[in-house]
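Undergrad: Got a structure for you, my_file.cif, holding mmCIF, C-alpha atoms and all ligand atoms.
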```
data_protein
loop_
_atom_site.label_atom_id
_atom_site.label_comp_id
_atom_site.auth_asym_id
_atom_site.auth_seq_id
_atom_site.Cartn_x
_atom_site.Cartn_y
_atom_site.Cartn_z
CA MET A 1057 16.24 17.43 5.06
CA ALA A 1058 14.83 20.60 6.57
CA VAL A 1059 16.90 23.75 6.83
CA ASN A 1060 17.44 23.61 10.58
CA GLY A 1061 18.33 19.94 10.35
CA VAL A 1062 15.04 18.70 11.78
CA SER A 1063 12.45 17.45 9.28
CA ARG A 1064 8.84 17.87 10.32
CA ILE A 1065 6.67 14.82 9.61
CA VAL A 1066 2.93 14.33 9.21
CA LEU A 1067 2.02 10.69 9.82
CA LEU A 1068 -1.24 9.58 8.20
CA GLY A 1069 -2.17 6.09 9.42
CA ALA A 1070 -0.15 6.50 12.63
CA THR A 1071 -1.83 3.61 14.47
CA GLY A 1072 -1.07 1.04 11.75
CA SER A 1073 1.86 -1.22 10.98
CA ILE A 1074 3.71 1.30 8.77
CA GLY A 1075 2.85 4.00 11.31
CA ALA A 1076 4.56 2.00 14.07
CA SER A 1077 7.67 1.35 11.97
CA THR A 1078 7.87 5.04 11.04
CA ILE A 1079 7.67 6.07 14.69
CA ASP A 1080 10.42 3.57 15.47
CA ILE A 1081 12.73 5.12 12.86
CA VAL A 1082 11.94 8.63 14.08
CA GLU A 1083 12.65 7.64 17.68
CA GLN A 1084 16.00 6.23 16.61
CA THR A 1085 16.93 9.51 14.94
CA PRO A 1086 15.46 12.17 17.27
CA ASP A 1087 17.82 14.91 16.09
CA ALA A 1088 16.66 14.51 12.48
CA PHE A 1089 12.84 14.29 12.73
CA ARG A 1090 9.82 15.55 14.61
CA ILE A 1091 6.29 14.20 14.13
CA GLU A 1092 3.98 17.22 14.05
CA ALA A 1093 0.58 15.74 13.21
CA VAL A 1094 -0.92 12.24 13.29
CA ALA A 1095 -4.13 10.72 11.93
CA SER A 1096 -5.98 7.43 12.19
CA GLY A 1097 -9.36 5.91 11.31
CA ARG A 1098 -11.10 4.93 14.56
CA ASP A 1099 -8.43 3.94 17.06
CA VAL A 1100 -8.69 6.89 19.46
CA ALA A 1101 -6.78 5.33 22.35
CA GLY A 1102 -3.90 4.28 20.10
CA LEU A 1103 -3.80 7.66 18.39
CA ALA A 1104 -3.83 9.64 21.63
CA GLN A 1105 -1.08 7.48 23.06
CA ILE A 1106 1.06 8.00 19.93
CA ALA A 1107 0.36 11.74 19.81
CA ARG A 1108 1.49 12.12 23.43
CA ARG A 1109 4.51 9.90 22.93
CA VAL A 1110 5.83 11.75 19.86
CA GLY A 1111 4.76 15.19 21.11
CA ALA A 1112 2.52 15.92 18.11
CA ARG A 1113 0.71 19.24 17.89
CA PHE A 1114 -2.40 17.91 16.14
CA ALA A 1115 -4.20 14.55 16.09
CA ALA A 1116 -7.14 13.69 13.85
CA VAL A 1117 -9.43 10.68 13.80
CA ARG A 1118 -11.52 9.97 10.68
CA ASP A 1119 -14.68 8.90 12.51
CA GLU A 1120 -16.34 12.20 13.42
CA THR A 1121 -18.38 10.64 16.24
CA LEU A 1122 -15.11 10.09 18.11
CA TYR A 1123 -14.23 13.77 18.58
CA GLY A 1124 -15.22 13.81 22.26
CA ALA A 1125 -13.35 10.59 22.98
CA LEU A 1126 -10.18 11.91 21.32
CA LYS A 1127 -10.45 15.27 23.10
CA ASP A 1128 -10.81 13.45 26.44
CA ALA A 1129 -7.90 11.14 25.67
CA LEU A 1130 -5.71 14.17 24.87
CA SER A 1131 -6.85 16.37 27.74
CA GLY A 1132 -4.04 18.16 29.55
CA SER A 1133 -1.55 17.38 26.76
CA GLY A 1134 -1.96 20.62 24.82
CA ILE A 1135 -2.40 18.54 21.65
CA GLU A 1136 -5.22 19.78 19.45
CA ALA A 1137 -7.86 17.17 18.52
CA GLY A 1138 -9.84 16.93 15.29
CA ALA A 1139 -12.38 14.45 13.92
CA GLY A 1140 -13.97 13.73 10.55
CA SER A 1141 -12.61 13.69 7.00
CA ALA A 1142 -11.89 17.45 7.03
CA ALA A 1143 -9.78 17.02 10.17
CA VAL A 1144 -7.72 14.24 8.52
CA VAL A 1145 -7.15 16.60 5.56
CA GLU A 1146 -6.19 19.33 8.05
CA ALA A 1147 -3.62 16.93 9.55
CA ALA A 1148 -2.30 16.18 6.05
CA LEU A 1149 -1.88 19.92 5.43
CA HIS A 1150 -0.21 20.65 8.77
CA PRO A 1151 3.11 22.45 8.06
CA ALA A 1152 5.65 19.68 7.41
CA ASP A 1153 8.57 18.64 5.24
CA ILE A 1154 7.39 15.05 4.65
CA VAL A 1155 3.95 13.50 4.73
CA VAL A 1156 4.03 9.74 5.33
CA GLY A 1157 0.97 8.31 3.54
CA ALA A 1158 0.23 5.11 5.46
CA ILE A 1159 -3.55 4.97 5.56
CA SER A 1160 -4.90 1.65 4.33
CA GLY A 1161 -7.06 1.63 1.18
CA ALA A 1162 -8.61 4.32 -0.98
CA ALA A 1163 -9.59 6.08 2.28
CA GLY A 1164 -6.14 7.64 1.95
CA VAL A 1165 -6.77 9.25 -1.44
CA GLU A 1166 -8.35 12.51 -0.27
CA PRO A 1167 -5.94 13.55 2.51
CA THR A 1168 -2.82 12.32 0.69
CA TYR A 1169 -3.83 14.12 -2.50
CA ALA A 1170 -4.58 17.30 -0.53
CA ALA A 1171 -0.98 17.34 0.71
CA LEU A 1172 0.36 16.60 -2.77
CA ALA A 1173 -1.69 19.41 -4.26
CA GLU A 1174 0.06 21.77 -1.83
CA GLY A 1175 3.39 20.61 -3.26
CA ARG A 1176 4.35 18.53 -0.23
CA THR A 1177 6.82 15.65 -0.36
CA ILE A 1178 4.93 12.39 0.19
CA ALA A 1179 6.55 9.15 1.34
CA LEU A 1180 3.86 6.87 -0.03
CA ALA A 1181 3.09 3.45 1.43
CA ASN A 1182 -0.63 3.73 0.64
CA LYS A 1183 -0.49 2.11 -2.82
CA GLU A 1184 -4.28 2.20 -3.24
CA CYS A 1185 -3.91 5.98 -3.86
CA LEU A 1186 -2.11 5.26 -7.12
CA VAL A 1187 -4.29 2.30 -8.10
CA CYS A 1188 -7.45 4.35 -7.57
CA ALA A 1189 -6.21 7.69 -8.89
CA GLY A 1190 -2.76 7.22 -10.43
CA ALA A 1191 -3.10 9.72 -13.29
CA PRO A 1192 -4.35 12.66 -11.17
CA PHE A 1193 -1.71 11.94 -8.49
CA MET A 1194 1.18 11.88 -10.94
CA ARG A 1195 -0.07 14.86 -12.95
CA THR A 1196 -0.51 16.98 -9.83
CA ALA A 1197 2.90 15.95 -8.53
CA ALA A 1198 4.46 17.07 -11.83
CA GLN A 1199 2.50 20.34 -11.92
CA MET A 1200 3.31 21.22 -8.31
CA GLY A 1201 6.90 20.00 -8.44
CA ALA A 1202 5.98 17.71 -5.55
CA THR A 1203 7.96 14.56 -4.87
CA ILE A 1204 6.44 11.14 -4.26
CA LEU A 1205 8.99 8.92 -2.50
CA PRO A 1206 8.13 5.22 -3.03
CA LEU A 1207 7.93 3.69 0.44
CA ASP A 1208 6.45 0.33 -0.60
CA SER A 1209 9.45 -2.02 -0.37
CA GLU A 1210 9.42 -3.22 -4.00
CA HIS A 1211 9.20 0.34 -5.32
CA ASP A 1212 11.79 1.62 -2.91
CA ALA A 1213 13.98 -1.25 -4.14
CA LEU A 1214 13.38 -0.31 -7.80
CA TRP A 1215 14.20 3.31 -7.01
CA GLN A 1216 17.47 2.21 -5.40
CA ALA A 1217 18.31 -0.26 -8.20
CA LEU A 1218 17.57 2.34 -10.89
CA GLY A 1219 20.20 4.61 -9.40
CA GLY A 1220 19.08 7.57 -11.50
CA ALA A 1221 19.30 5.65 -14.83
CA SER A 1222 17.45 6.96 -17.86
CA PRO A 1223 14.07 5.23 -18.43
CA HIS A 1224 15.18 4.68 -22.06
CA ASP A 1225 17.88 2.27 -20.90
CA VAL A 1226 15.45 0.13 -18.92
CA GLU A 1227 14.16 -3.07 -20.48
CA LYS A 1228 12.18 -4.39 -17.49
CA LEU A 1229 11.30 -3.45 -13.94
CA ILE A 1230 10.77 -6.60 -11.89
CA ILE A 1231 9.18 -6.74 -8.46
CA THR A 1232 9.25 -9.80 -6.27
CA ALA A 1233 6.49 -11.50 -4.29
CA SER A 1234 6.96 -13.85 -1.36
CA GLY A 1235 4.07 -15.96 -2.66
CA GLY A 1236 2.33 -15.58 0.72
CA PRO A 1237 1.01 -18.40 2.92
CA PHE A 1238 -0.52 -20.32 -0.02
CA ARG A 1239 2.51 -20.38 -2.34
CA THR A 1240 2.63 -24.18 -2.41
CA TRP A 1241 -1.09 -24.87 -1.93
CA LYS A 1242 -3.43 -26.42 -4.52
CA ARG A 1243 -5.98 -24.15 -6.19
CA ASP A 1244 -9.00 -25.74 -4.48
CA ASP A 1245 -7.38 -25.59 -1.06
CA ILE A 1246 -6.58 -21.90 -1.57
CA ALA A 1247 -10.20 -21.23 -2.53
CA ARG A 1248 -11.33 -22.80 0.78
CA ALA A 1249 -8.68 -21.09 2.96
CA THR A 1250 -9.90 -19.64 6.26
CA ARG A 1251 -9.44 -16.12 7.56
CA GLU A 1252 -6.89 -17.37 10.08
CA GLN A 1253 -4.86 -19.17 7.41
CA ALA A 1254 -4.93 -16.17 5.07
CA LEU A 1255 -3.81 -13.80 7.83
CA LYS A 1256 -0.67 -15.85 8.54
CA HIS A 1257 1.99 -14.27 6.31
CA PRO A 1258 5.30 -16.15 6.29
CA ASN A 1259 7.68 -13.14 6.08
CA TRP A 1260 5.94 -9.85 6.89
CA SER A 1261 3.83 -8.54 9.76
CA MET A 1262 1.35 -6.05 8.26
CA GLY A 1263 -2.20 -4.68 8.52
CA GLN A 1264 -5.07 -7.07 7.77
CA LYS A 1265 -6.04 -5.73 4.35
CA ILE A 1266 -2.57 -5.95 2.80
CA THR A 1267 -2.05 -9.35 4.44
CA ILE A 1268 -5.13 -10.74 2.68
CA ASP A 1269 -4.00 -9.05 -0.57
CA SER A 1270 -0.64 -10.79 -0.17
CA ALA A 1271 -2.30 -14.18 0.32
CA SER A 1272 -4.37 -13.73 -2.88
CA MET A 1273 -1.40 -12.04 -4.64
CA MET A 1274 -3.70 -9.14 -5.48
CA ASN A 1275 -1.10 -7.10 -3.61
CA LYS A 1276 1.43 -7.80 -6.36
CA GLY A 1277 -1.09 -6.74 -8.99
CA LEU A 1278 -1.75 -3.49 -7.11
CA GLU A 1279 2.01 -2.98 -6.93
CA LEU A 1280 2.45 -3.42 -10.69
CA ILE A 1281 -0.13 -0.66 -11.19
CA GLU A 1282 1.68 1.41 -8.55
CA ALA A 1283 5.01 0.90 -10.38
CA HIS A 1284 3.42 1.83 -13.72
CA HIS A 1285 2.48 5.25 -12.29
CA LEU A 1286 5.53 5.87 -10.11
CA PHE A 1287 8.10 5.09 -12.78
CA GLY A 1288 6.08 5.94 -15.90
CA VAL A 1289 6.75 2.50 -17.36
CA ALA A 1290 4.48 0.71 -19.84
CA PRO A 1291 2.68 -2.45 -18.57
CA ASP A 1292 4.70 -4.79 -20.82
CA LYS A 1293 7.93 -3.60 -19.20
CA LEU A 1294 6.78 -4.71 -15.75
CA ASP A 1295 7.17 -8.19 -14.35
CA VAL A 1296 6.74 -10.26 -11.18
CA LEU A 1297 8.98 -12.98 -9.78
CA VAL A 1298 8.02 -15.14 -6.84
CA HIS A 1299 10.88 -15.11 -4.35
CA PRO A 1300 9.95 -16.89 -1.11
CA GLN A 1301 12.83 -15.48 0.98
CA SER A 1302 11.76 -11.82 0.48
CA ILE A 1303 15.36 -10.59 0.34
CA VAL A 1304 15.54 -9.24 -3.22
CA HIS A 1305 12.68 -6.75 -3.46
CA GLY A 1306 13.10 -5.26 -6.91
CA LEU A 1307 15.30 -5.72 -9.99
CA VAL A 1308 16.06 -3.51 -12.98
CA ALA A 1309 17.00 -5.20 -16.27
CA PHE A 1310 18.85 -2.81 -18.59
CA SER A 1311 19.06 -2.77 -22.36
CA ASP A 1312 22.66 -4.07 -22.32
CA GLY A 1313 21.73 -7.25 -20.41
CA ALA A 1314 22.88 -5.97 -17.01
CA VAL A 1315 20.54 -6.44 -14.05
CA THR A 1316 20.73 -4.50 -10.79
CA ALA A 1317 18.84 -5.63 -7.71
CA SER A 1318 18.09 -4.20 -4.32
CA LEU A 1319 18.36 -6.47 -1.29
CA TYR A 1320 17.44 -6.12 2.34
CA ALA A 1321 15.93 -8.14 5.17
CA PRO A 1322 12.11 -8.14 5.15
CA ASP A 1323 11.87 -5.16 7.50
CA MET A 1324 9.82 -2.13 6.42
CA ARG A 1325 12.04 0.09 8.54
CA VAL A 1326 14.66 -0.15 5.75
CA PRO A 1327 12.57 1.51 3.00
CA ILE A 1328 11.05 3.91 5.55
CA ALA A 1329 14.54 5.01 6.63
CA HIS A 1330 15.58 5.32 2.98
CA CYS A 1331 12.63 7.59 2.18
CA LEU A 1332 12.93 9.72 5.32
CA GLY A 1333 16.69 10.08 5.07
CA HIS A 1334 16.85 10.72 1.31
CA PRO A 1335 19.25 11.84 -0.10
CA ARG A 1336 21.33 10.86 2.95
CA ARG A 1337 21.39 7.48 4.72
CA LEU A 1338 20.17 7.24 8.30
CA THR A 1339 21.84 4.99 10.84
CA THR A 1340 19.23 2.63 12.26
CA ASN A 1341 18.97 -0.77 13.90
CA ALA A 1342 16.80 -2.21 11.10
CA ARG A 1343 17.40 -5.93 10.51
CA ARG A 1344 20.76 -6.66 8.85
CA LEU A 1345 21.17 -9.07 5.99
CA ASP A 1346 23.27 -12.18 6.52
CA LEU A 1347 23.42 -13.82 3.09
CA ALA A 1348 25.60 -16.71 4.24
CA GLU A 1349 22.99 -17.54 6.87
CA ILE A 1350 20.19 -17.39 4.27
CA ALA A 1351 22.44 -19.40 1.92
CA SER A 1352 20.14 -19.56 -1.08
CA LEU A 1353 17.80 -17.20 -2.87
CA THR A 1354 15.23 -18.83 -5.15
CA PHE A 1355 12.90 -17.47 -7.82
CA GLU A 1356 9.79 -18.83 -9.57
CA ARG A 1357 7.30 -17.56 -12.10
CA PRO A 1358 3.91 -16.65 -10.65
CA ASP A 1359 1.12 -19.19 -11.17
CA PHE A 1360 -1.90 -17.33 -12.54
CA ASP A 1361 -4.09 -20.40 -12.32
CA ARG A 1362 -3.72 -20.73 -8.55
CA PHE A 1363 -3.58 -16.96 -8.00
CA PRO A 1364 -6.25 -15.56 -10.35
CA ALA A 1365 -6.32 -12.19 -8.52
CA LEU A 1366 -2.88 -11.40 -9.93
CA ARG A 1367 -4.07 -12.17 -13.47
CA VAL A 1368 -7.17 -10.01 -13.00
CA ALA A 1369 -5.03 -7.11 -11.75
CA ILE A 1370 -2.58 -7.42 -14.67
CA ASP A 1371 -5.54 -7.40 -17.08
CA ALA A 1372 -6.78 -4.20 -15.38
CA LEU A 1373 -3.34 -2.62 -15.68
CA ARG A 1374 -3.25 -3.45 -19.41
CA ALA A 1375 -6.84 -2.25 -19.94
CA GLY A 1376 -6.02 1.06 -18.25
CA GLY A 1377 -8.72 3.74 -18.17
CA ALA A 1378 -10.91 3.44 -15.09
CA MET A 1379 -10.30 -0.31 -14.76
CA PRO A 1380 -7.67 -0.11 -11.97
CA THR A 1381 -10.01 2.18 -9.99
CA VAL A 1382 -12.82 -0.37 -10.31
CA LEU A 1383 -10.45 -3.24 -9.49
CA ASN A 1384 -9.28 -1.53 -6.32
CA ALA A 1385 -12.79 -0.67 -5.12
CA ALA A 1386 -14.14 -4.18 -5.77
CA ASN A 1387 -11.13 -5.72 -4.05
CA GLU A 1388 -11.60 -3.58 -0.94
CA ILE A 1389 -15.25 -4.67 -0.71
CA ALA A 1390 -14.37 -8.32 -1.32
CA VAL A 1391 -11.56 -8.33 1.28
CA GLU A 1392 -13.85 -6.63 3.80
CA ALA A 1393 -16.53 -9.31 3.14
CA PHE A 1394 -13.95 -12.10 3.48
CA LEU A 1395 -12.60 -10.69 6.76
CA ALA A 1396 -16.19 -10.44 8.05
CA GLY A 1397 -16.75 -14.12 7.21
CA ARG A 1398 -19.34 -13.34 4.52
CA ILE A 1399 -17.53 -14.87 1.52
CA GLY A 1400 -14.89 -17.53 0.96
CA PHE A 1401 -11.29 -16.76 0.01
CA GLY A 1402 -11.75 -18.00 -3.56
CA GLN A 1403 -14.59 -15.54 -4.08
CA ILE A 1404 -12.35 -12.49 -3.65
CA ALA A 1405 -10.83 -12.84 -7.13
CA GLU A 1406 -14.19 -13.86 -8.62
CA ILE A 1407 -15.90 -10.75 -7.29
CA VAL A 1408 -13.13 -8.47 -8.56
CA GLU A 1409 -13.12 -10.16 -11.96
CA GLU A 1410 -16.88 -9.79 -12.23
CA ALA A 1411 -16.61 -6.06 -11.39
CA CYS A 1412 -13.94 -5.58 -14.07
CA ALA A 1413 -15.99 -7.50 -16.66
CA GLU A 1414 -18.98 -5.24 -15.94
CA ALA A 1415 -16.80 -2.15 -16.21
CA ALA A 1416 -15.44 -3.37 -19.56
CA ARG A 1417 -18.99 -3.35 -20.94
CA ASP A 1418 -19.56 0.25 -19.79
CA SER A 1419 -18.59 2.47 -22.72
CA ASN A 1420 -18.88 5.62 -20.55
CA LEU A 1421 -16.05 4.60 -18.29
CA ARG A 1422 -13.02 6.80 -19.05
CA GLU A 1423 -9.78 7.20 -17.13
CA PRO A 1424 -10.51 9.52 -14.18
CA ALA A 1425 -8.88 12.87 -14.98
CA THR A 1426 -9.35 14.32 -11.51
CA ILE A 1427 -9.49 13.09 -7.94
CA GLY A 1428 -13.21 13.85 -7.92
CA GLU A 1429 -13.76 11.59 -10.94
CA ALA A 1430 -11.63 8.81 -9.45
CA LEU A 1431 -13.53 8.93 -6.16
CA ALA A 1432 -16.85 8.92 -8.05
CA VAL A 1433 -15.87 5.77 -9.99
CA ASP A 1434 -14.61 4.24 -6.74
CA HIS A 1435 -17.87 5.03 -4.95
CA ILE A 1436 -20.10 3.61 -7.70
CA ALA A 1437 -17.99 0.45 -8.00
CA ARG A 1438 -18.17 -0.12 -4.21
CA GLU A 1439 -21.93 0.40 -4.03
CA ARG A 1440 -22.46 -1.90 -7.00
CA ARG A 1441 -20.37 -4.69 -5.42
CA ARG A 1442 -22.13 -4.25 -2.06
CA THR A 1443 -25.52 -4.58 -3.78
CA VAL A 1444 -24.44 -7.65 -5.75
CA LEU A 1445 -23.02 -9.28 -2.62
CA ALA A 1446 -26.13 -8.56 -0.56
CA GLY A 1447 -28.38 -9.90 -3.35
CA ARG A 1448 -26.39 -13.09 -3.39
CA GLY A 1449 -26.83 -13.60 0.34
CA GLY A 1450 -23.26 -12.43 0.74
CA SER A 1451 -24.30 -10.92 4.02
CA GLY A 1452 -24.82 -14.40 5.46
CA LYS A 1453 -22.08 -16.48 7.08
CA VAL A 1454 -19.84 -18.78 5.11
CA THR A 1455 -19.01 -22.06 6.82
CA PHE A 1456 -15.58 -23.54 6.39
CA GLN A 1457 -14.90 -27.29 6.44
P1 LIG B 1501 -2.85 -1.00 8.96
O1 LIG B 1501 -4.18 -1.61 8.78
O2 LIG B 1501 -1.90 -1.59 9.94
O3 LIG B 1501 -3.00 0.55 9.30
C1 LIG B 1501 -3.85 1.38 8.56
C2 LIG B 1501 -3.84 2.77 9.16
O4 LIG B 1501 -4.76 3.59 8.42
C3 LIG B 1501 -4.31 2.83 10.62
O5 LIG B 1501 -3.63 3.85 11.28
C4 LIG B 1501 -5.79 3.16 10.47
O6 LIG B 1501 -6.36 3.74 11.61
C5 LIG B 1501 -5.70 4.16 9.34
N1 LIG B 1501 -6.95 4.39 8.66
C6 LIG B 1501 -7.81 3.46 8.17
N2 LIG B 1501 -8.86 4.06 7.58
C7 LIG B 1501 -8.65 5.40 7.71
C8 LIG B 1501 -9.37 6.55 7.32
N3 LIG B 1501 -10.54 6.44 6.67
N4 LIG B 1501 -8.86 7.77 7.59
C9 LIG B 1501 -7.69 7.89 8.27
N5 LIG B 1501 -6.96 6.83 8.66
C10 LIG B 1501 -7.44 5.61 8.39
O7 LIG B 1501 -2.17 -0.96 7.50
P2 LIG B 1501 -0.63 -1.02 7.11
O8 LIG B 1501 0.16 -0.08 7.97
O9 LIG B 1501 -0.18 -2.43 7.01
O10 LIG B 1501 -0.68 -0.46 5.61
C11 LIG B 1501 -0.91 0.90 5.33
C12 LIG B 1501 -0.68 1.14 3.85
O11 LIG B 1501 0.68 0.86 3.54
C13 LIG B 1501 -1.52 0.23 2.94
O12 LIG B 1501 -1.89 0.91 1.79
C14 LIG B 1501 -0.56 -0.90 2.58
O13 LIG B 1501 -0.85 -1.49 1.35
C15 LIG B 1501 0.76 -0.15 2.53
N6 LIG B 1501 1.94 -0.97 2.79
C16 LIG B 1501 2.05 -1.64 3.97
C17 LIG B 1501 3.15 -2.44 4.23
C18 LIG B 1501 3.33 -3.14 5.54
O14 LIG B 1501 4.34 -3.79 5.74
N7 LIG B 1501 2.40 -3.04 6.48
C19 LIG B 1501 4.21 -2.62 3.21
C20 LIG B 1501 4.01 -1.81 2.03
C21 LIG B 1501 2.91 -1.04 1.83
P3 LIG B 1501 -7.11 2.80 12.73
O15 LIG B 1501 -6.02 2.11 13.45
O16 LIG B 1501 -7.83 3.77 13.55
O17 LIG B 1501 -7.98 1.86 11.95
MG MG B 1502 5.14 -4.14 -1.19
#
```
Output the file's structure as structure tokens, nothing else.
Ligand code: NDP
Ligand code: MG
TA:
Amino acid sequence: MAVNGVSRIVLLGATGSIGASTIDIVEQTPDAFRIEAVASGRDVAGLAQIARRVGARFAAVRDETLYGALKDALSGSGIEAGAGSAAVVEAALHPADIVVGAISGAAGVEPTYAALAEGRTIALANKECLVCAGAPFMRTAAQMGATILPLDSEHDALWQALGGASPHDVEKLIITASGGPFRTWKRDDIARATREQALKHPNWSMGQKITIDSASMMNKGLELIEAHHLFGVAPDKLDVLVHPQSIVHGLVAFSDGAVTASLYAPDMRVPIAHCLGHPRRLTTNARRLDLAEIASLTFERPDFDRFPALRVAIDALRAGGAMPTVLNAANEIAVEAFLAGRIGFGQIAEIVEEACAEAARDSNLREPATIGEALAVDHIARERRRTVLAGRGGSGKVTFQ
């Protein structure tokens, strides 16, 4: 908490799902927080409305052609407008106590890293930052004495279940997955799933990209890589359990056989409040857990045959080096193509696997040591996948039966 009792917040990705939940928590605790700067990608109207509502001092939109539109939308408010990637970085560096990193995808790497490199505390939802550039993020955090608070629910749950335990006493860190909308579907049916079916998550309401990642279970693979960096744990000490009720989010198995778990209703406002309030607890109206009502909690092993994206991601985690960066870039391109109706659902994992197989044959591909190197690998991997997709007629429409 800040010295005068009010923590200043920068909210990157203010117009998104995590952005909305963060604003909700802040509005419930007005004496504790103030949102100083907000940023979004293209949604000028949404951003201006949020900036006015929270009384921000600065608002930045990533698309530089939208500067005039944002300035107009903010006119008379006294809120400064900015546009372009430098303006989003400027928002990230606005004086603040906590930066909430809630941009979707590797688009968040540059501004989030800029704040980290200034030693800022980051509440990180934007897992792609760590999948794309985990080593530079963690190294810079250590060098600057900056804190990364895990806002992703599974990682927040692990943080809570660890309770400050020594990493030496930990046998396994286990994160759970709901299994998404296709948990009980056959492999062939999953491969033919439509956009509408894939966007229908049973337990969580989230942005489109993470919703598709949850349907393919790539999201759980990205989260294993995220956990590897956040907690400094080797890949073979990380595991996934499918848990359809989404109540237990993370479990820690200790060397003496004890297991601690962290439970809460599937409501992102719980981990957001935990991160913002840390080390205190905020009082919020986030969904309460009624275990008698839920009655039973069930667990299954993940099925790598029906969810090949999870297997591909685990292989990338084990391979290390630049492989997670390539995986993330290829996945973003594949998800974008699926959402645009250019490829089928089953092709997402195929495209990512193909990208990783190509990368494995490239002897020059080392682990990115800096953000610049990570973004260069990311850029090349994206361009390569775009070219391959276009060459395959991936720009045409896919028809679904
Ligand atoms: P949304 O798609 O709902 O929101 C994404 C936000 O990022 C929007 O504000 C969007 O702006 C902004 N944005 C996109 N591109 C850029 C860019 N280039 N520069 C600046 N801002 C940009 O996503 P979510 O809120 O669901 O997810 C955000 C992150 O949090 C993801 O990494 C996700 O994996 C993670 N996460 C999300 C959870 C959830 O429940 N939603 C749970 C755990 C983690 P615009 O509106 O203008 O496009
Ligand atoms: Mg998660």
Undergrad: Point out the residue among A:Ala1309, A:Leu1395, A:Val1433, A:Leu1278 with the least atom-to-atom distance to Gln1253 (chain A), counting all atoms listed in the file.
TA: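 When distances to Gln1253 (chain A) are compared using all atoms listed in the file, the smallest one comes from A:Leu1395.
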Undergrad: Which one of A:Ser1063, A:Thr1381, A:Ser1077, A:Thr1339 sits closest to Leu1421 (chain A) if you count all atoms listed in the file?
TA: A:Thr1381
Undergrad: Can you pull out the residues contacting Ile1091 (chain A)? Cut-off 9 Å, using only C-alpha atoms, and skip same-chain residues under 3 positions away; I want them as a list in words.
TA: Ser1063, Arg1064, Ile1065, Val1066, Leu1067, Ile1079, Val1082, Val1094, Ala1107, Val1110, Gly1111, Ala1112, Arg1113 and Ala1152 of chain A
Undergrad: Atoms to include: C-alpha atoms. Write the selected residues as a short mmCIF file (atom, residue, chain, number, x, y, z; two decimals), in the coordinates of the input.
TA:
```cif
data_model
loop_
_atom_site.label_atom_id
_atom_site.label_comp_id
_atom_site.auth_asym_id
_atom_site.auth_seq_id
_atom_site.Cartn_x
_atom_site.Cartn_y
_atom_site.Cartn_z
CA SER A 1063 12.45 17.45 9.28
CA ARG A 1064 8.84 17.87 10.32
CA ILE A 1065 6.67 14.82 9.61
CA VAL A 1066 2.93 14.33 9.21
CA LEU A 1067 2.02 10.69 9.82
CA ILE A 1079 7.67 6.07 14.69
CA VAL A 1082 11.94 8.63 14.08
CA VAL A 1094 -0.92 12.24 13.29
CA ALA A 1107 0.36 11.74 19.81
CA VAL A 1110 5.83 11.75 19.86
CA GLY A 1111 4.76 15.19 21.11
CA ALA A 1112 2.52 15.92 18.11
CA ARG A 1113 0.71 19.24 17.89
CA ALA A 1152 5.65 19.68 7.41
#
```
Undergrad: For CA of Ile1427 (chain A) and CA of Ala1189 (chain A), quote the distance in Å rounded to one decimal.
TA: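 Between these atoms lies a distance of 6.4 Å.
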Undergrad: I want to know what sits within 12 Å of Asn1420 (chain A), based on all atoms listed in the file, with residues of the same chain fewer than 6 positions away left out; could you give that as a list in words?
TA: Gly1377, Ala1378, Met1379, Glu1414 and Val1433 of chain A
Undergrad: Under the rule that only C-alpha atoms and all ligand atoms are counted, which of A:Lys1276, A:Arg1251, A:Lys1127, A:Arg1374 is the nearest residue to ligand MG 1502 (chain B)?
TA: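 Result for the nearest residue to ligand MG 1502 (chain B): A:Lys1276.
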Undergrad: Using all atoms listed in the file, which residues sit within 6 Å of region 1192-1206 of chain A once same-chain residues fewer than 2 positions away are excluded, as a list in words?
TA: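 Here the qualifying residues turn out to be Gly1175, Arg1176, Thr1177, Ile1178, Ala1179, Leu1180, Ala1189, Gly1190, Asp1208, His1211, Asp1212, Ala1425 and Thr1426 of chain A.
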Undergrad: CA of Arg1090 (chain A) and CA of Ser1133 (chain A), how far apart in Å?
TA: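 Atom-to-atom, CA of Ser1133 (chain A) and CA of Arg1090 (chain A) are spaced 16.7 Å apart.
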Undergrad: Closest to ligand MG 1502 (chain B) among A:Glu1252, A:Asp1269, A:Asp1244, A:Asp1080, using only C-alpha atoms and all ligand atoms?
TA: A:Asp1269
Undergrad: Could you tell me how far CA of Leu1280 (chain A) sits from CA of Val1382 (chain A), in Å to one decimal place?
TA: 15.6 Å
Undergrad: Counting only C-alpha atoms, which residues have an atom no more than 12 Å from (18.2, 23.4, 11.4) in the file's coordinates? Please list them as a ChimeraX atom specification.
TA: /A:1057-1064,1087-1090
Undergrad: So which one's closest to ligand MG 1502 (chain B), A:His1305, A:Arg1344, A:Arg1357, A:Lys1256? Using all atoms listed in the file, please.
TA: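 With all atoms listed in the file as the atom set, the closest residue is A:His1305.
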Undergrad: Of the candidates A:Arg1108, A:Leu1338, A:Arg1248, A:Ala1351, which shows the shortest atom-to-atom distance to Pro1086 (chain A), using all atoms listed in the file?
TA: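 Distance minimum relative to Pro1086 (chain A) lands on A:Leu1338.
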Undergrad: May I have the residues within 8 Å of Phe1238 (chain A) as a PyMOL selection string, using only C-alpha atoms and disregarding those fewer than 3 positions away in the same chain?
TA: chain A and resi 1235+1241+1246+1254+1271
Undergrad: Based on the selection just made, write C-alpha atoms of those residues as a tab-separated table (two decimals), keeping the file's coordinate frame.
TA:
```
chain	number	residue	atom	x	y	z
A	1235	GLY	CA	4.07	-15.96	-2.66
A	1241	TRP	CA	-1.09	-24.87	-1.93
A	1246	ILE	CA	-6.58	-21.90	-1.57
A	1254	ALA	CA	-4.93	-16.17	5.07
A	1271	ALA	CA	-2.30	-14.18	0.32
```
